[in-house]
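Chemist: This is the structure I want to talk about, given as structure tokens.
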Amino acid sequence: MSELHREMQMVIDLMDACIKQHTDADMTLESIAGAMGYSSFYFSRKFREITGMPFRDYLRFRKLAFAVQEVRDTERKLLDIALDYGFSSHGAFTRAFKEAYGVAPGAYRKHPVPLKLRTIIKPYD
């Protein structure tokens, strides 16, 4: 495994840890690329090459994967869940949720069905 692959795996693990702890607000492509000593363009291109998806899409899908569990397992307001996972509004959360899973979060809460969650990517296992 190359050094770049190890670094990308560390970034992926860090992203998940930050999402779980709701400390991912400042996690941007620019900040992570800069911390690794790469340009945003280079990091973005390598992230996509290694993981198969753009950085922002991976981050959004992972946030949704954590949020869907809260929608299903808690009675918290959907707006509170949306804000906890970095969505700007209930509407933005609903659109992203529906795009990813084909059902609105409110409808899913009422009638939960099995969904294909975006599990953590470990492309180097």
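Following the order of the structure tokens, chains are lettered A, B, ..., residues in each are numbered from 1, and ligands are numbered from 1.
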Quick one: everything within 10 Å of Lys63 (chain A), counting only C-alpha atoms, minus sequence neighbours fewer than 6 positions away in the same chain. Send it as a list in words.

Modeler: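 Result of the neighbour search: Met15, Asp16, Ile19, Lys20, His22, Asp24, Asp57, Ala82, Asp84, Tyr85, Gly86, Phe87 and Arg118 of chain A.
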
Chemist: For the residues in that selection, give me N, CA and C atoms as a tab-separated table (two decimals), in the first residue's frame.

Modeler:
chain	number	residue	atom	x	y	z
A	15	MET	N	-12.85	11.32	8.92
A	15	MET	CA	-14.15	11.85	8.52
A	15	MET	C	-15.27	11.17	9.29
A	16	ASP	N	-15.22	9.86	9.37
A	16	ASP	CA	-16.27	9.13	10.09
A	16	ASP	C	-16.28	9.48	11.58
A	19	ILE	N	-17.84	12.91	11.95
A	19	ILE	CA	-19.29	12.88	11.71
A	19	ILE	C	-20.00	12.31	12.94
A	20	LYS	N	-19.48	11.24	13.49
A	20	LYS	CA	-20.10	10.62	14.67
A	20	LYS	C	-20.14	11.59	15.85
A	22	HIS	N	-20.13	14.85	15.59
A	22	HIS	CA	-20.70	16.12	15.14
A	22	HIS	C	-19.68	17.25	15.18
A	24	ASP	N	-17.66	17.88	12.45
A	24	ASP	CA	-17.21	17.91	11.06
A	24	ASP	C	-17.54	19.21	10.34
A	57	ASP	N	-19.31	14.11	-2.22
A	57	ASP	CA	-20.35	13.08	-2.27
A	57	ASP	C	-20.14	12.06	-1.17
A	82	ALA	N	-31.13	16.99	11.02
A	82	ALA	CA	-30.54	17.63	9.85
A	82	ALA	C	-29.43	18.58	10.25
A	84	ASP	N	-27.71	18.65	13.05
A	84	ASP	CA	-26.60	17.91	13.67
A	84	ASP	C	-25.64	17.34	12.63
A	85	TYR	N	-26.16	16.96	11.48
A	85	TYR	CA	-25.34	16.36	10.45
A	85	TYR	C	-24.94	17.33	9.35
A	86	GLY	N	-25.06	18.63	9.64
A	86	GLY	CA	-24.49	19.63	8.76
A	86	GLY	C	-25.36	20.09	7.61
A	87	PHE	N	-26.63	19.72	7.61
A	87	PHE	CA	-27.53	20.20	6.55
A	87	PHE	C	-28.07	21.56	6.97
A	118	ARG	N	-24.64	3.80	2.88
A	118	ARG	CA	-23.28	3.96	2.39
A	118	ARG	C	-22.36	3.65	3.56

Chemist: Would you kindly return, as a CSV table (one decimal) with all heavy atoms, in the first residue's frame, each protein, DNA or RNA residue with an atom no farther than 12 Å from any atom of Ala92 (chain A), considering only C-alpha atoms and excluding same-chain residues fewer than 5 positions away?

Modeler:
chain,number,residue,atom,x,y,z
A,60,ARG,N,-21.2,13.6,2.1
A,60,ARG,CA,-22.7,13.7,2.2
A,60,ARG,C,-23.3,12.4,2.5
A,60,ARG,O,-24.2,12.2,3.3
A,60,ARG,CB,-23.2,14.3,0.9
A,60,ARG,CG,-24.8,14.5,0.9
A,60,ARG,CD,-25.2,15.3,-0.3
A,60,ARG,NE,-24.4,15.1,-1.5
A,60,ARG,CZ,-24.8,14.3,-2.4
A,60,ARG,NH1,-26.0,13.6,-2.4
A,60,ARG,NH2,-24.0,14.1,-3.5
A,64,LEU,N,-25.5,11.1,5.7
A,64,LEU,CA,-26.8,10.6,5.6
A,64,LEU,C,-26.9,9.2,6.2
A,64,LEU,O,-27.9,8.8,6.8
A,64,LEU,CB,-27.2,10.5,4.1
A,64,LEU,CG,-27.6,11.9,3.5
A,64,LEU,CD1,-27.7,11.7,2.0
A,64,LEU,CD2,-28.9,12.4,4.1
A,78,LEU,N,-36.8,16.0,12.9
A,78,LEU,CA,-36.0,15.9,11.7
A,78,LEU,C,-35.1,17.1,11.5
A,78,LEU,O,-34.0,17.0,11.0
A,78,LEU,CB,-36.9,15.7,10.5
A,78,LEU,CG,-37.7,14.4,10.5
A,78,LEU,CD1,-38.6,14.3,9.2
A,78,LEU,CD2,-36.7,13.2,10.5
A,79,LEU,N,-35.6,18.3,11.8
A,79,LEU,CA,-34.7,19.5,11.7
A,79,LEU,C,-33.5,19.4,12.6
A,79,LEU,O,-32.4,19.7,12.2
A,79,LEU,CB,-35.5,20.7,12.0
A,79,LEU,CG,-34.7,22.0,12.0
A,79,LEU,CD1,-34.1,22.3,10.6
A,79,LEU,CD2,-35.6,23.2,12.4
A,81,ILE,N,-32.0,16.7,13.7
A,81,ILE,CA,-31.1,15.7,13.1
A,81,ILE,C,-30.4,16.3,11.9
A,81,ILE,O,-29.2,16.1,11.7
A,81,ILE,CB,-31.9,14.4,12.6
A,81,ILE,CG1,-32.5,13.7,13.9
A,81,ILE,CG2,-31.0,13.5,11.8
A,81,ILE,CD1,-33.4,12.6,13.6
A,82,ALA,N,-31.1,17.0,11.0
A,82,ALA,CA,-30.5,17.6,9.8
A,82,ALA,C,-29.4,18.6,10.2
A,82,ALA,O,-28.3,18.6,9.7
A,82,ALA,CB,-31.6,18.4,9.1
A,83,LEU,N,-29.7,19.4,11.2
A,83,LEU,CA,-28.7,20.4,11.7
A,83,LEU,C,-27.5,19.7,12.3
A,83,LEU,O,-26.3,20.1,12.1
A,83,LEU,CB,-29.3,21.4,12.6
A,83,LEU,CG,-30.4,22.3,12.0
A,83,LEU,CD1,-31.0,23.2,13.1
A,83,LEU,CD2,-29.9,23.1,10.8
A,85,TYR,N,-26.2,17.0,11.5
A,85,TYR,CA,-25.3,16.4,10.4
A,85,TYR,C,-24.9,17.3,9.3
A,85,TYR,O,-24.5,16.9,8.3
A,85,TYR,CB,-26.0,15.1,9.9
A,85,TYR,CG,-26.0,14.0,10.9
A,85,TYR,CD1,-27.1,13.7,11.7
A,85,TYR,CD2,-24.8,13.3,11.1
A,85,TYR,CE1,-27.0,12.7,12.7
A,85,TYR,CE2,-24.7,12.3,12.1
A,85,TYR,CZ,-25.8,12.0,12.9
A,85,TYR,OH,-25.8,11.1,13.9
A,86,GLY,N,-25.1,18.6,9.6
A,86,GLY,CA,-24.5,19.6,8.8
A,86,GLY,C,-25.4,20.1,7.6
A,86,GLY,O,-24.9,20.8,6.7
A,87,PHE,N,-26.6,19.7,7.6
A,87,PHE,CA,-27.5,20.2,6.6
A,87,PHE,C,-28.1,21.6,7.0
A,87,PHE,O,-28.4,21.8,8.1
A,87,PHE,CB,-28.6,19.2,6.3
A,87,PHE,CG,-28.1,17.9,5.7
A,87,PHE,CD1,-27.8,16.9,6.5
A,87,PHE,CD2,-28.0,17.8,4.3
A,87,PHE,CE1,-27.3,15.7,6.0
A,87,PHE,CE2,-27.5,16.6,3.8
A,87,PHE,CZ,-27.1,15.6,4.6
A,97,PHE,N,-31.8,13.3,1.4
A,97,PHE,CA,-32.3,12.0,1.9
A,97,PHE,C,-33.0,11.2,0.8
A,97,PHE,O,-32.8,10.1,0.5
A,97,PHE,CB,-33.1,12.2,3.2
A,97,PHE,CG,-33.4,10.9,4.0
A,97,PHE,CD1,-32.7,10.7,5.1
A,97,PHE,CD2,-34.4,10.0,3.6
A,97,PHE,CE1,-33.0,9.6,5.9
A,97,PHE,CE2,-34.7,8.9,4.4
A,97,PHE,CZ,-34.0,8.7,5.5
A,98,LYS,N,-34.0,12.0,0.2
A,98,LYS,CA,-34.8,11.4,-0.8
A,98,LYS,C,-34.0,11.0,-2.1
A,98,LYS,O,-34.2,10.0,-2.7
A,98,LYS,CB,-35.9,12.4,-1.2
A,98,LYS,CG,-37.0,11.7,-2.1
A,98,LYS,CD,-38.2,12.6,-2.2
A,98,LYS,CE,-39.2,11.9,-3.0
A,98,LYS,NZ,-40.5,12.7,-3.1
A,99,GLU,N,-33.0,11.9,-2.4
A,99,GLU,CA,-32.1,11.5,-3.5
A,99,GLU,C,-31.3,10.3,-3.3
A,99,GLU,O,-31.1,9.4,-4.1
A,99,GLU,CB,-31.1,12.7,-3.8
A,99,GLU,CG,-30.2,12.5,-4.9
A,99,GLU,CD,-29.2,13.6,-5.1
A,99,GLU,OE1,-29.6,14.8,-5.0
A,99,GLU,OE2,-28.0,13.3,-5.4
A,104,ALA,N,-38.7,10.2,1.5
A,104,ALA,CA,-38.5,11.3,2.4
A,104,ALA,C,-38.2,10.8,3.8
A,104,ALA,O,-38.7,9.7,4.2
A,104,ALA,CB,-39.7,12.2,2.4
A,105,PRO,N,-37.5,11.5,4.6
A,105,PRO,CA,-37.2,11.1,6.0
A,105,PRO,C,-38.4,10.9,6.8
A,105,PRO,O,-38.5,9.9,7.6
A,105,PRO,CB,-36.3,12.1,6.6
A,105,PRO,CG,-36.3,13.3,5.6
A,105,PRO,CD,-36.8,12.8,4.3

Chemist: Taking into account only C-alpha atoms, which residue in the set A:Ala17, A:Asp26, A:Arg45, A:Gly91 is nearest to Phe66 (chain A)?

Modeler: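 Closest to Phe66 (chain A), using only C-alpha atoms: A:Ala17.
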
Chemist: Return the single residue from A:Ser31, A:Thr23, A:Thr74, A:Ile12 that is closest to Leu59 (chain A), with distances computed using only C-alpha atoms.

Modeler: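 Distance minimum relative to Leu59 (chain A) lands on A:Ile12.
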
Chemist: DSSP on the backbone: which residues in region 24-76 of chain A end up as alpha helix (DSSP H)? Give the answer as a PyMOL selection string.

Modeler: chain A and resi 29-36+40-51+55-73

Chemist: Find the residue from A:Glu30, A:Glu49, A:Glu70, A:Glu3 that sits nearest to Tyr108 (chain A); use only C-alpha atoms when measuring.

Modeler: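 So, comparing all the options, the nearest one is A:Glu70.
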
Chemist: In Å, rounded to a single decimal, give me how far CA of Phe43 (chain A) is from CA of Phe61 (chain A).

Modeler: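 Computing it gives 18.8 Å between the two atoms.
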
Chemist: Find the residues around Pro54 (chain A) up to 7 Å (only C-alpha atoms counted), leave out those fewer than 5 positions away in its own chain, and share them as a ChimeraX atom specification.

Modeler: /A:44,47-48

Chemist: Those selected residues, please, written with N, CA and C atoms and delivered as a PDB file, in the first residue's frame.

Modeler:
ATOM      1  N   SER A  44      -8.438  16.175  -4.360  1.00  0.00           N
ATOM      2  CA  SER A  44      -9.749  15.805  -4.886  1.00  0.00           C
ATOM      3  C   SER A  44      -9.633  14.728  -5.953  1.00  0.00           C
ATOM      4  N   PHE A  47      -8.503  11.442  -4.262  1.00  0.00           N
ATOM      5  CA  PHE A  47      -9.575  10.881  -3.446  1.00  0.00           C
ATOM      6  C   PHE A  47     -10.577  10.155  -4.337  1.00  0.00           C
ATOM      7  N   ARG A  48     -10.962  10.801  -5.420  1.00  0.00           N
ATOM      8  CA  ARG A  48     -11.921  10.187  -6.349  1.00  0.00           C
ATOM      9  C   ARG A  48     -11.330   8.941  -7.013  1.00  0.00           C
TER      10      ARG A  48
END

Chemist: In Å, with one decimal, what is the gap from CA of Lys110 (chain A) to CA of Tyr58 (chain A)?

Modeler: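 Separation of CA of Lys110 (chain A) and CA of Tyr58 (chain A): 26.9 Å.
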
Chemist: Show which residues sit within 6 Å of Arg109 (chain A), as JSON, numbers by chain. Count only C-alpha atoms, and ignore same-chain residues fewer than 3 positions away.

Modeler: {"A": [71, 72, 106, 112]}
